[in-house]
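structure-v5.cif follows; it contains mmCIF, C-alpha atoms and all ligand atoms.
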data_my_file
#
loop_
_atom_site.label_atom_id
_atom_site.label_comp_id
_atom_site.auth_asym_id
_atom_site.auth_seq_id
_atom_site.Cartn_x
_atom_site.Cartn_y
_atom_site.Cartn_z
CA MET C 1 68.57 217.18 12.53
CA SER C 2 66.09 219.75 11.30
CA TRP C 3 67.59 219.77 7.75
CA PHE C 4 66.22 216.21 7.20
CA THR C 5 62.60 215.82 6.26
CA ARG C 6 60.66 213.06 7.99
CA ARG C 7 60.51 211.22 4.63
CA GLN C 8 64.32 211.40 4.24
CA LEU C 9 64.86 210.11 7.76
CA LEU C 10 62.53 207.21 7.25
CA ALA C 11 64.05 206.46 3.86
CA ALA C 12 67.48 206.22 5.45
CA MET C 13 66.23 203.53 7.85
CA PRO C 14 66.55 200.23 6.00
CA MET C 15 63.48 198.64 7.55
CA ALA C 16 61.09 201.59 7.25
CA LEU C 17 58.11 200.43 5.24
CA ALA C 18 57.56 202.18 1.91
CA ALA C 19 53.95 202.73 3.04
CA ASP C 20 55.36 204.75 6.00
CA GLY C 21 57.61 206.84 3.78
CA GLY C 22 60.66 204.53 3.71
CA SER C 23 62.46 203.47 0.54
CA PRO C 24 60.62 200.75 -1.36
CA VAL C 25 62.54 197.54 -1.97
CA ARG C 26 62.27 198.24 -5.71
CA LYS C 27 62.10 201.50 -7.61
CA THR C 28 59.62 200.08 -10.15
CA PRO C 29 56.96 197.40 -9.70
CA LEU C 30 58.03 193.85 -10.42
CA ARG C 31 56.07 192.41 -13.36
CA THR C 32 55.01 188.90 -14.25
CA ARG C 33 54.33 188.00 -17.85
CA HIS C 34 52.74 185.16 -19.78
CA PHE C 35 55.15 182.23 -19.55
CA GLY C 36 54.79 180.74 -23.05
CA PRO C 37 55.03 183.95 -25.11
CA LEU C 38 58.02 185.02 -23.00
CA PHE C 39 59.89 182.11 -24.59
CA TYR C 40 58.77 182.72 -28.20
CA GLY C 41 61.69 182.73 -30.62
CA ASP C 42 63.01 181.51 -33.95
CA GLU C 43 61.56 178.03 -33.41
CA GLU C 44 57.97 179.34 -33.47
CA TRP C 45 58.77 181.57 -36.49
CA THR C 46 60.24 178.68 -38.47
CA LEU C 47 57.33 176.32 -37.94
CA LEU C 48 54.72 179.02 -38.51
CA ALA C 49 56.46 179.97 -41.76
CA GLU C 50 56.29 176.33 -42.88
CA VAL C 51 52.50 176.38 -42.46
CA LEU C 52 52.27 179.62 -44.48
CA LYS C 53 54.69 178.52 -47.18
CA THR C 54 52.96 175.18 -47.68
CA ARG C 55 49.53 176.85 -47.49
CA SER C 56 48.33 174.17 -45.10
CA PRO C 57 46.47 175.73 -42.15
CA PHE C 58 44.08 172.75 -41.80
CA ARG C 59 45.44 169.76 -39.92
CA TYR C 60 44.11 166.99 -42.16
CA TRP C 61 45.10 168.16 -45.67
CA GLY C 62 46.84 171.04 -47.44
CA LEU C 63 46.86 172.75 -50.83
CA GLU C 64 49.82 170.84 -52.22
CA ARG C 65 49.30 167.16 -52.94
CA ASP C 66 52.86 166.27 -51.93
CA HIS C 67 52.66 167.97 -48.50
CA ALA C 68 50.93 166.34 -45.56
CA PRO C 69 50.34 168.83 -42.71
CA ASP C 70 52.00 167.56 -39.53
CA LYS C 71 52.11 170.32 -36.91
CA VAL C 72 49.08 169.36 -34.79
CA ALA C 73 49.91 165.67 -35.15
CA THR C 74 53.50 166.30 -34.03
CA PHE C 75 52.28 168.29 -31.07
CA GLU C 76 49.97 165.45 -30.06
CA LYS C 77 52.82 162.92 -30.20
CA GLU C 78 55.28 165.06 -28.28
CA PHE C 79 52.72 166.17 -25.68
CA ALA C 80 51.68 162.56 -25.01
CA ALA C 81 55.35 161.52 -24.67
CA ARG C 82 56.09 164.38 -22.23
CA MET C 83 53.00 163.61 -20.12
CA ARG C 84 53.71 159.88 -20.27
CA THR C 85 50.32 158.88 -21.65
CA LYS C 86 49.65 156.72 -24.68
CA HIS C 87 47.34 159.18 -26.42
CA ALA C 88 46.88 162.96 -26.67
CA LEU C 89 44.31 164.89 -28.66
CA ALA C 90 44.77 168.56 -29.49
CA VAL C 91 41.65 170.74 -29.22
CA ASN C 92 41.01 174.46 -29.53
CA SER C 93 40.73 175.38 -25.81
CA GLY C 94 40.78 174.03 -22.27
CA THR C 95 37.03 174.56 -22.07
CA SER C 96 36.56 172.40 -25.19
CA ALA C 97 38.93 169.86 -23.67
CA LEU C 98 36.73 169.62 -20.57
CA GLN C 99 33.57 169.17 -22.64
CA THR C 100 35.36 166.55 -24.73
CA ALA C 101 36.43 164.85 -21.50
CA MET C 102 32.83 164.62 -20.31
CA ALA C 103 31.86 162.88 -23.57
CA ALA C 104 34.91 160.60 -23.40
CA LEU C 105 34.12 159.62 -19.81
CA GLY C 106 30.48 158.98 -20.71
CA VAL C 107 29.06 161.68 -18.41
CA GLY C 108 25.45 162.66 -19.10
CA PRO C 109 22.07 163.56 -17.60
CA GLY C 110 21.51 161.91 -14.22
CA ASP C 111 25.26 161.81 -13.44
CA GLU C 112 27.06 163.88 -10.84
CA VAL C 113 30.62 165.19 -11.07
CA ILE C 114 32.52 166.38 -8.00
CA ILE C 115 34.50 169.54 -8.72
CA PRO C 116 36.44 171.94 -6.44
CA ALA C 117 34.43 174.88 -5.10
CA TRP C 118 37.32 177.13 -6.19
CA THR C 119 38.32 176.63 -9.81
CA TRP C 120 37.66 178.08 -13.25
CA HIS C 121 34.10 178.45 -14.66
CA SER C 122 34.81 175.87 -17.39
CA CYS C 123 35.04 173.01 -14.87
CA LEU C 124 31.41 173.61 -13.95
CA THR C 125 30.17 174.59 -17.38
CA ALA C 126 31.55 171.37 -18.95
CA VAL C 127 29.51 169.31 -16.50
CA VAL C 128 26.40 171.38 -17.15
CA MET C 129 26.87 171.22 -20.93
CA ALA C 130 26.91 167.42 -20.59
CA GLY C 131 23.53 167.69 -18.83
CA ALA C 132 25.05 166.36 -15.58
CA LEU C 133 25.05 167.95 -12.11
CA PRO C 134 28.15 169.76 -10.79
CA VAL C 135 28.70 169.08 -7.07
CA CYS C 136 31.12 171.51 -5.46
CA ALA C 137 33.46 170.22 -2.74
CA GLU C 138 35.63 172.35 -0.46
CA VAL C 139 39.29 173.11 -1.14
CA ASP C 140 41.78 173.12 1.75
CA ASP C 141 44.89 175.24 2.38
CA SER C 142 46.52 173.65 -0.68
CA PHE C 143 43.76 175.36 -2.73
CA ASN C 144 42.94 171.94 -4.19
CA LEU C 145 40.15 169.51 -3.32
CA ASP C 146 40.22 168.59 0.38
CA PRO C 147 40.28 164.76 0.16
CA SER C 148 38.84 164.45 3.67
CA LEU C 149 35.64 166.22 2.51
CA VAL C 150 35.15 164.57 -0.88
CA GLU C 151 33.49 161.36 0.25
CA ARG C 152 30.54 163.14 1.86
CA HIS C 153 29.48 164.26 -1.65
CA ILE C 154 29.50 160.78 -3.19
CA THR C 155 26.06 159.44 -4.10
CA PRO C 156 24.94 156.52 -6.30
CA ARG C 157 24.84 159.05 -9.17
CA THR C 158 28.48 160.21 -8.84
CA ARG C 159 30.58 159.18 -11.84
CA VAL C 160 33.65 161.40 -11.82
CA ILE C 161 35.92 163.25 -9.39
CA MET C 162 37.57 166.19 -11.12
CA ALA C 163 40.99 166.81 -9.54
CA VAL C 164 42.04 170.29 -10.65
CA HIS C 165 45.70 171.11 -9.94
CA LEU C 166 45.26 174.75 -9.07
CA GLN C 167 47.77 177.57 -9.33
CA GLY C 168 50.67 175.26 -10.13
CA CYS C 169 50.27 172.96 -7.14
CA PRO C 170 49.49 169.23 -7.54
CA ALA C 171 46.39 167.95 -5.78
CA ASP C 172 46.78 165.11 -3.28
CA MET C 173 46.62 162.39 -5.92
CA ASP C 174 47.30 159.46 -3.56
CA ALA C 175 44.25 160.32 -1.47
CA LEU C 176 42.00 161.21 -4.43
CA THR C 177 43.00 158.07 -6.35
CA ALA C 178 42.22 155.93 -3.29
CA ILE C 179 38.75 157.52 -2.96
CA ALA C 180 38.03 157.06 -6.68
CA ARG C 181 39.10 153.40 -6.56
CA LYS C 182 37.15 152.69 -3.37
CA HIS C 183 33.92 154.05 -4.86
CA LYS C 184 34.61 152.87 -8.44
CA LEU C 185 34.59 156.42 -9.78
CA LEU C 186 36.50 157.87 -12.70
CA LEU C 187 39.23 160.40 -11.95
CA LEU C 188 39.68 163.35 -14.29
CA GLU C 189 42.77 165.55 -13.90
CA ASP C 190 42.49 169.17 -15.02
CA CYS C 191 46.12 170.26 -15.35
CA SER C 192 45.40 173.64 -16.98
CA GLN C 193 46.97 175.73 -14.23
CA ALA C 194 49.90 173.38 -13.69
CA VAL C 195 51.07 172.17 -17.12
CA GLY C 196 54.54 170.71 -16.63
CA ALA C 197 54.20 170.12 -12.87
CA SER C 198 54.40 166.65 -11.32
CA TYR C 199 53.33 164.58 -8.34
CA LYS C 200 55.86 162.22 -6.74
CA GLY C 201 57.85 162.14 -9.97
CA LYS C 202 54.88 161.52 -12.26
CA PRO C 203 53.74 164.21 -14.71
CA LEU C 204 50.37 165.68 -13.77
CA GLY C 205 47.84 164.18 -16.14
CA SER C 206 49.46 160.74 -16.16
CA MET C 207 47.57 159.43 -13.10
CA GLY C 208 43.89 159.97 -13.81
CA ASP C 209 41.64 157.95 -16.12
CA LEU C 210 41.69 160.93 -18.45
CA SER C 211 43.26 164.38 -18.26
CA ILE C 212 42.95 167.77 -19.85
CA ALA C 213 45.06 170.91 -20.18
CA SER C 214 44.40 174.43 -21.31
CA LEU C 215 47.09 176.07 -23.45
CA GLN C 216 45.48 179.51 -23.29
CA VAL C 217 47.75 182.51 -22.81
CA ASN C 218 47.89 182.36 -18.99
CA LYS C 219 49.17 178.79 -19.00
CA THR C 220 52.74 177.36 -18.94
CA ILE C 221 52.94 176.97 -22.72
CA SER C 222 50.63 178.70 -25.13
CA ALA C 223 49.56 179.64 -28.61
CA GLY C 224 47.04 182.13 -27.23
CA GLU C 225 44.33 179.48 -27.21
CA GLY C 226 44.48 175.69 -27.26
CA GLY C 227 43.84 172.58 -25.25
CA ALA C 228 44.67 168.90 -24.94
CA VAL C 229 42.85 165.74 -23.82
CA TYR C 230 45.10 162.81 -22.86
CA THR C 231 44.72 159.28 -21.56
CA ASN C 232 46.05 155.73 -21.64
CA ASP C 233 42.58 154.38 -22.42
CA ALA C 234 42.00 153.68 -26.12
CA ALA C 235 38.19 153.53 -25.86
CA MET C 236 38.00 156.87 -24.05
CA PHE C 237 40.45 158.35 -26.54
CA GLU C 238 38.29 157.21 -29.44
CA ARG C 239 35.23 158.83 -27.84
CA ALA C 240 37.22 162.05 -27.36
CA ILE C 241 38.30 162.02 -31.02
CA ARG C 242 34.75 161.43 -32.21
CA PHE C 243 33.22 164.11 -29.99
CA HIS C 244 35.77 166.79 -30.99
CA ASP C 245 35.33 166.13 -34.74
CA ILE C 246 31.59 165.72 -35.47
CA GLY C 247 31.55 162.03 -34.63
CA GLY C 248 34.27 160.74 -36.95
CA VAL C 249 37.73 159.24 -36.69
CA ARG C 250 40.16 160.38 -39.41
CA PRO C 251 42.90 158.04 -40.72
CA ILE C 252 45.68 159.60 -38.65
CA HIS C 253 43.82 158.86 -35.42
CA ALA C 254 42.50 155.50 -36.60
CA GLU C 255 46.15 154.54 -37.13
CA SER C 256 47.15 155.62 -33.63
CA LEU C 257 44.22 153.59 -32.24
CA GLY C 258 45.12 150.52 -34.26
CA GLY C 259 41.72 150.88 -35.93
CA ALA C 260 38.54 152.56 -34.63
CA LYS C 261 36.29 150.20 -32.67
CA GLY C 262 33.31 152.34 -31.62
CA GLN C 263 30.28 153.82 -33.35
CA PRO C 264 29.90 157.42 -34.61
CA PHE C 265 27.83 159.69 -32.39
CA VAL C 266 26.88 163.36 -32.41
CA GLY C 267 29.87 165.60 -31.84
CA VAL C 268 31.14 169.15 -32.30
CA ASN C 269 34.10 170.83 -34.02
CA PHE C 270 36.84 171.51 -31.47
CA ARG C 271 39.72 170.81 -33.92
CA MET C 272 43.05 172.62 -33.63
CA ASN C 273 44.49 174.38 -36.69
CA GLU C 274 48.07 174.08 -37.96
CA PHE C 275 49.14 177.63 -36.95
CA THR C 276 48.28 176.82 -33.36
CA GLY C 277 49.92 173.41 -33.77
CA ALA C 278 53.13 175.01 -35.11
CA VAL C 279 53.46 177.29 -32.08
CA LEU C 280 52.62 174.46 -29.70
CA VAL C 281 55.20 172.07 -31.18
CA SER C 282 57.82 174.74 -30.49
CA GLN C 283 56.39 175.38 -27.03
CA ILE C 284 56.20 171.74 -25.87
CA ARG C 285 59.92 171.50 -26.70
CA LYS C 286 60.53 174.42 -24.33
CA LEU C 287 58.29 173.19 -21.52
CA ASP C 288 61.07 171.69 -19.40
CA LYS C 289 63.11 174.87 -19.67
CA ILE C 290 60.14 177.01 -18.62
CA VAL C 291 59.33 174.68 -15.72
CA SER C 292 62.88 174.53 -14.41
CA SER C 293 63.21 178.34 -14.65
CA VAL C 294 60.05 179.06 -12.67
CA ARG C 295 60.77 176.29 -10.16
CA ASN C 296 64.28 177.60 -9.53
CA ALA C 297 62.98 181.13 -9.04
CA SER C 298 60.29 180.01 -6.59
CA ARG C 299 62.77 177.79 -4.73
CA ARG C 300 65.02 180.79 -4.14
CA VAL C 301 62.04 182.66 -2.68
CA TYR C 302 60.97 179.75 -0.44
CA ASP C 303 64.58 179.27 0.76
CA GLY C 304 64.98 182.97 1.44
CA ILE C 305 61.99 183.23 3.76
CA ALA C 306 61.73 179.74 5.29
CA ASP C 307 63.33 180.88 8.55
CA LEU C 308 60.80 183.67 9.19
CA LYS C 309 59.09 183.07 12.51
CA ALA C 310 55.74 181.26 12.20
CA ILE C 311 55.67 181.63 8.42
CA GLU C 312 52.77 179.71 6.91
CA PHE C 313 52.95 178.45 3.34
CA ARG C 314 50.24 176.94 1.25
CA LYS C 315 49.89 173.22 1.99
CA ARG C 316 51.79 171.36 -0.76
CA PRO C 317 51.34 167.58 -1.05
CA ASP C 318 54.56 167.36 -3.08
CA PRO C 319 56.66 170.55 -2.94
CA ALA C 320 59.16 169.18 -5.47
CA GLY C 321 56.35 168.70 -7.99
CA ASP C 322 54.96 172.24 -7.64
CA LEU C 323 55.25 174.32 -10.80
CA GLY C 324 56.29 177.24 -8.60
CA SER C 325 54.24 179.86 -10.38
CA TYR C 326 53.02 181.32 -7.06
CA VAL C 327 54.23 181.49 -3.48
CA PHE C 328 51.24 181.61 -1.11
CA LEU C 329 51.54 182.97 2.42
CA GLY C 330 48.92 182.44 5.13
CA PHE C 331 47.76 184.95 7.75
CA PRO C 332 45.53 184.52 10.79
CA ASP C 333 42.78 186.64 9.21
CA LYS C 334 41.72 188.66 6.15
CA ASP C 335 42.61 192.06 7.68
CA ARG C 336 46.24 191.06 8.14
CA ARG C 337 46.32 189.44 4.70
CA ASP C 338 44.97 192.62 3.11
CA ARG C 339 47.49 194.75 4.99
CA PHE C 340 50.31 192.47 3.79
CA ILE C 341 49.13 192.92 0.19
CA SER C 342 48.96 196.67 0.41
CA LEU C 343 52.38 196.94 2.12
CA MET C 344 53.96 194.63 -0.48
CA ASN C 345 52.51 196.70 -3.30
CA ALA C 346 54.00 199.82 -1.74
CA GLU C 347 57.39 198.03 -1.83
CA ASN C 348 56.81 197.50 -5.59
CA VAL C 349 56.72 193.73 -5.12
CA PRO C 350 53.08 192.97 -5.95
CA ALA C 351 51.07 190.48 -3.91
CA SER C 352 47.39 189.69 -4.35
CA PRO C 353 44.58 187.49 -3.05
CA PRO C 354 44.54 184.03 -4.71
CA SER C 355 43.44 184.62 -8.31
CA GLY C 356 42.87 182.82 -11.60
CA SER C 357 39.77 180.97 -10.38
CA VAL C 358 36.34 181.78 -8.97
CA VAL C 359 34.30 180.48 -6.06
CA LEU C 360 31.82 178.58 -8.20
CA PRO C 361 29.02 178.06 -5.64
CA THR C 362 28.81 181.82 -5.13
CA GLN C 363 28.48 182.71 -8.82
CA GLU C 364 25.09 184.28 -9.44
CA TYR C 365 24.33 182.05 -12.45
CA VAL C 366 25.06 178.97 -10.36
CA MET C 367 22.98 180.07 -7.35
CA SER C 368 20.16 180.89 -9.80
CA ARG C 369 20.66 177.51 -11.54
CA ARG C 370 20.72 179.16 -14.96
CA ALA C 371 21.59 176.67 -17.73
CA PRO C 372 21.54 177.40 -21.51
CA HIS C 373 17.83 176.47 -21.61
CA PRO C 374 15.13 176.44 -18.88
CA LYS C 375 14.45 172.76 -19.52
CA TRP C 376 18.12 171.75 -19.35
CA PRO C 377 18.37 168.51 -17.32
CA THR C 378 21.05 169.67 -14.85
CA TRP C 379 18.92 171.61 -12.40
CA ASN C 380 15.51 170.19 -13.32
CA SER C 381 16.10 166.83 -11.61
CA PRO C 382 15.12 166.45 -7.93
CA GLU C 383 18.86 166.29 -7.06
CA GLY C 384 19.56 169.37 -9.17
CA LYS C 385 16.78 171.27 -7.43
CA ALA C 386 18.13 170.18 -4.02
CA ALA C 387 21.83 170.88 -4.77
CA LYS C 388 23.42 173.24 -2.26
CA TYR C 389 25.26 176.29 -3.54
CA GLY C 390 25.92 179.76 -2.05
CA PRO C 391 28.56 180.93 0.43
CA GLU C 392 27.16 178.71 3.19
CA SER C 393 28.05 175.63 1.10
CA CYS C 394 31.80 176.39 1.06
CA PRO C 395 32.89 178.14 4.29
CA GLN C 396 36.31 176.45 4.40
CA THR C 397 37.09 177.53 0.82
CA LEU C 398 36.09 181.12 1.54
CA ARG C 399 38.16 181.16 4.75
CA ALA C 400 41.28 179.92 2.91
CA LEU C 401 40.79 182.43 0.09
CA GLY C 402 40.32 185.25 2.58
CA ARG C 403 43.48 184.67 4.60
CA PHE C 404 46.12 183.76 1.97
CA ALA C 405 48.11 186.14 -0.22
CA SER C 406 50.01 185.11 -3.30
CA VAL C 407 53.17 186.41 -4.88
CA ALA C 408 53.42 185.50 -8.57
CA ILE C 409 56.70 184.08 -9.83
CA ASP C 410 57.89 184.55 -13.41
CA PRO C 411 60.30 182.14 -15.15
CA SER C 412 62.44 185.07 -16.29
CA TYR C 413 63.22 186.13 -12.71
CA GLY C 414 66.93 186.01 -12.00
CA GLU C 415 68.77 186.34 -8.67
CA SER C 416 68.04 190.07 -8.45
CA GLU C 417 64.25 189.76 -8.82
CA THR C 418 63.97 186.90 -6.36
CA ARG C 419 66.27 188.76 -3.94
CA ASP C 420 63.82 191.69 -4.09
CA ILE C 421 60.86 189.40 -3.42
CA VAL C 422 62.65 187.87 -0.43
CA ALA C 423 63.66 191.30 0.85
CA ALA C 424 60.10 192.63 0.58
CA ILE C 425 58.55 189.63 2.32
CA ARG C 426 61.21 189.73 5.06
CA LYS C 427 60.51 193.42 5.55
CA VAL C 428 56.71 193.26 5.52
CA TYR C 429 55.68 189.83 6.85
CA PRO C 430 56.96 190.24 10.44
CA LYS C 431 55.10 193.57 10.70
CA VAL C 432 51.80 191.94 9.81
CA ALA C 433 51.75 188.27 10.84
C1 LIG Z 1 41.48 174.95 -14.23
C2 LIG Z 1 41.07 175.41 -15.59
N1 LIG Z 1 40.38 174.58 -16.39
C3 LIG Z 1 39.97 174.94 -17.61
C4 LIG Z 1 40.25 176.20 -18.10
C5 LIG Z 1 39.70 176.60 -19.44
O1 LIG Z 1 40.70 176.83 -20.37
P1 LIG Z 1 40.48 177.79 -21.64
O2 LIG Z 1 40.57 179.18 -21.18
O3 LIG Z 1 41.63 177.39 -22.53
O4 LIG Z 1 39.18 177.43 -22.25
C6 LIG Z 1 40.99 177.09 -17.32
C7 LIG Z 1 41.29 178.43 -17.84
O5 LIG Z 1 41.81 179.28 -17.18
C8 LIG Z 1 41.40 176.69 -16.04
O6 LIG Z 1 42.07 177.52 -15.24
#

Serialized structure, structure tokens:
Amino acid sequence: MSWFTRRQLLAAMPMALAADGGSPVRKTPLRTRHFGPLFYGDEEWTLLAEVLKTRSPFRYWGLERDHAPDKVATFEKEFAARMRTKHALAVNSGTSALQTAMAALGVGPGDEVIIPAWTWHSCLTAVVMAGALPVCAEVDDSFNLDPSLVERHITPRTRVIMAVHLQGCPADMDALTAIARKHKLLLLEDCSQAVGASYKGKPLGSMGDLSIASLQVNKTISAGEGGAVYTNDAAMFERAIRFHDIGGVRPIHAESLGGAKGQPFVGVNFRMNEFTGAVLVSQIRKLDKIVSSVRNASRRVYDGIADLKAIEFRKRPDPAGDLGSYVFLGFPDKDRRDRFISLMNAENVPASPPSGSVVLPTQEYVMSRRAPHPKWPTWNSPEGKAAKYGPESCPQTLRALGRFASVAIDPSYGESETRDIVAAIRKVYPKVA
């Protein structure tokens, strides 16, 4: 036996971990890429070329009298139809969409908005920019708002519950809708991380009073940047239009509203341009294909590991509605989770701690209550001064984030990539769990 090195011996054993000198499941690391751009093709080229040829980059009018720009307007129509809402407004980012949502929902100084403790900065900054107070509530093992802990944060000042569908997985909309109705609160859905996913057959974004999506490069469909605000409520839609376009309502939107009814008020410029619109028209037409590809890939992974002893998945209120962009696995503690991640990486099948969001109450600028101006209303009110942030305000969220690992799924993964993911998890998980 002496002519074999220890490494060769271990490599010959099928179950020897790569970290112990065995053969890795894959020779090269598996990669995930941005979903939308992965599907770019002739359709995007053709529509972009139309914008260039007609010299009409601005959504409301072009250079040629006989050409009416239509890319952003077409995107709005097709996005609303896909999300099954009456109205959709295109804006230039998800962050702008959230700020527009606050204006549309009538959120302002003195109001409180309940947001998940684990989500993207913009969810909190939109509330602060409206002068209102962000109140962070714990997420559970679904990585979405824990409905059983939401009610404890409701005060007479609460106006909105922000249900953010994080990392592809729908929040428990039945429970959150019931809480909102019981307390007469507005429900805002942030679908940015789950565009195209659904809950009990309904598209995410079709259940709340108003919804938003980011179309930035990490999202399901993308033009690099972009966002949407959508709703069935004409009055809220009119407020969204006015806020995003310096207080006005242009003819195209007045028509879709059957005439504007409200008054102008101070707004901003969050308009989308026609180049972005051209790419997004092409992308919304590919959304179902992207969603079914990533769902199929993640289903093969779930099916391939479901029989592993004591395997713990992320809690999913509607597995069929999950976008499938991540498979989350739970471990009894952080040490085992971290070991799983490092062993998976050695197998060239990357795993990581939950990503794509931040624990808002532990951000330094939040704990220091630092708004754009020292006299900003958010943290100068008695409630703002008393608001609880810091790690001690979200122990359940921190526990969940510390003990789960995620494996990212890419819509381009075929049988061979998902077979490798299954093989790596089957090899590593039993050694760690
Ligand atoms: C949940 C959520 N909301 C809002 C946003 C903001 O979107 P954008 O980056 O397009 O401004 C993001 C961005 O990642 C997000 O994840």

Next on the checklist: Set the distance at 12 Å and use all atoms listed in the file: which residues neighbour stretch 317-320 of chain C once local chain neighbours fewer than 6 positions away are removed? I'd like the list as an MDAnalysis selection string.
Outcome noted: chainID C and resid 140:147 165 168:176 197:204 291:292 295:296 298:299 302 327

Checklist outcome for this item: Counting all atoms listed in the file, closest pick from C:Met129, C:Leu329, C:Ala386, C:Ile252 relative to C:Trp61 is C:Ile252

Item to check | Between atom CA of C:Pro411 and atom CA of C:Ser293 - distance in Å to one decimal | outcome: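 Atom-to-atom, atom CA of C:Ser293 to atom CA of C:Pro411, that is 4.8 Å.
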
Using all atoms listed in the file, which protein or nucleic acid residues are at most 9 Å from ligand LIG 1 (chain Z), as a tab-separated table (two decimals) with C-alpha atoms, in the coordinates of the input?
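Full text of out-v6.tsv as output:
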chain	number	residue	atom	x	y	z
C	92	ASN	CA	41.01	174.46	-29.53
C	93	SER	CA	40.73	175.38	-25.81
C	94	GLY	CA	40.78	174.03	-22.27
C	95	THR	CA	37.03	174.56	-22.07
C	96	SER	CA	36.56	172.40	-25.19
C	97	ALA	CA	38.93	169.86	-23.67
C	98	LEU	CA	36.73	169.62	-20.57
C	119	THR	CA	38.32	176.63	-9.81
C	120	TRP	CA	37.66	178.08	-13.25
C	121	HIS	CA	34.10	178.45	-14.66
C	122	SER	CA	34.81	175.87	-17.39
C	123	CYS	CA	35.04	173.01	-14.87
C	164	VAL	CA	42.04	170.29	-10.65
C	165	HIS	CA	45.70	171.11	-9.94
C	166	LEU	CA	45.26	174.75	-9.07
C	167	GLN	CA	47.77	177.57	-9.33
C	190	ASP	CA	42.49	169.17	-15.02
C	191	CYS	CA	46.12	170.26	-15.35
C	192	SER	CA	45.40	173.64	-16.98
C	193	GLN	CA	46.97	175.73	-14.23
C	194	ALA	CA	49.90	173.38	-13.69
C	212	ILE	CA	42.95	167.77	-19.85
C	213	ALA	CA	45.06	170.91	-20.18
C	214	SER	CA	44.40	174.43	-21.31
C	215	LEU	CA	47.09	176.07	-23.45
C	216	GLN	CA	45.48	179.51	-23.29
C	217	VAL	CA	47.75	182.51	-22.81
C	218	ASN	CA	47.89	182.36	-18.99
C	219	LYS	CA	49.17	178.79	-19.00
C	224	GLY	CA	47.04	182.13	-27.23
C	225	GLU	CA	44.33	179.48	-27.21
C	226	GLY	CA	44.48	175.69	-27.26
C	227	GLY	CA	43.84	172.58	-25.25
C	356	GLY	CA	42.87	182.82	-11.60
C	357	SER	CA	39.77	180.97	-10.38

Which residues, written as a CSV table (one decimal) with C-alpha atoms, in the coordinates of the input, have at least one atom at most 8 Å from C:Leu105, with only C-alpha atoms counted and residues fewer than 6 positions away on the same chain left out?
chain,number,residue,atom,x,y,z
C,186,LEU,CA,36.5,157.9,-12.7
C,210,LEU,CA,41.7,160.9,-18.4
C,236,MET,CA,38.0,156.9,-24.0

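Reported to one decimal place, the separation of atom CA of C:Thr231 from atom CA of C:Ser206 is 7.3 Å.
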
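Going from atom CA of C:Ala297 over to atom CA of C:Ile409, you cover 7.0 Å.
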
Item to check | Test item: which residues lie within 7 Å of (31.2, 166.8, -9.8) counting only C-alpha atoms, as a VMD selection string | outcome: chain C and resid 112 to 115 133 to 136 160 to 162

Checklist entry - Using all atoms listed in the file, which of C:Leu398, C:Ala387, C:Ala423, C:Val281 sits nearest C:Val366? => result C:Ala387
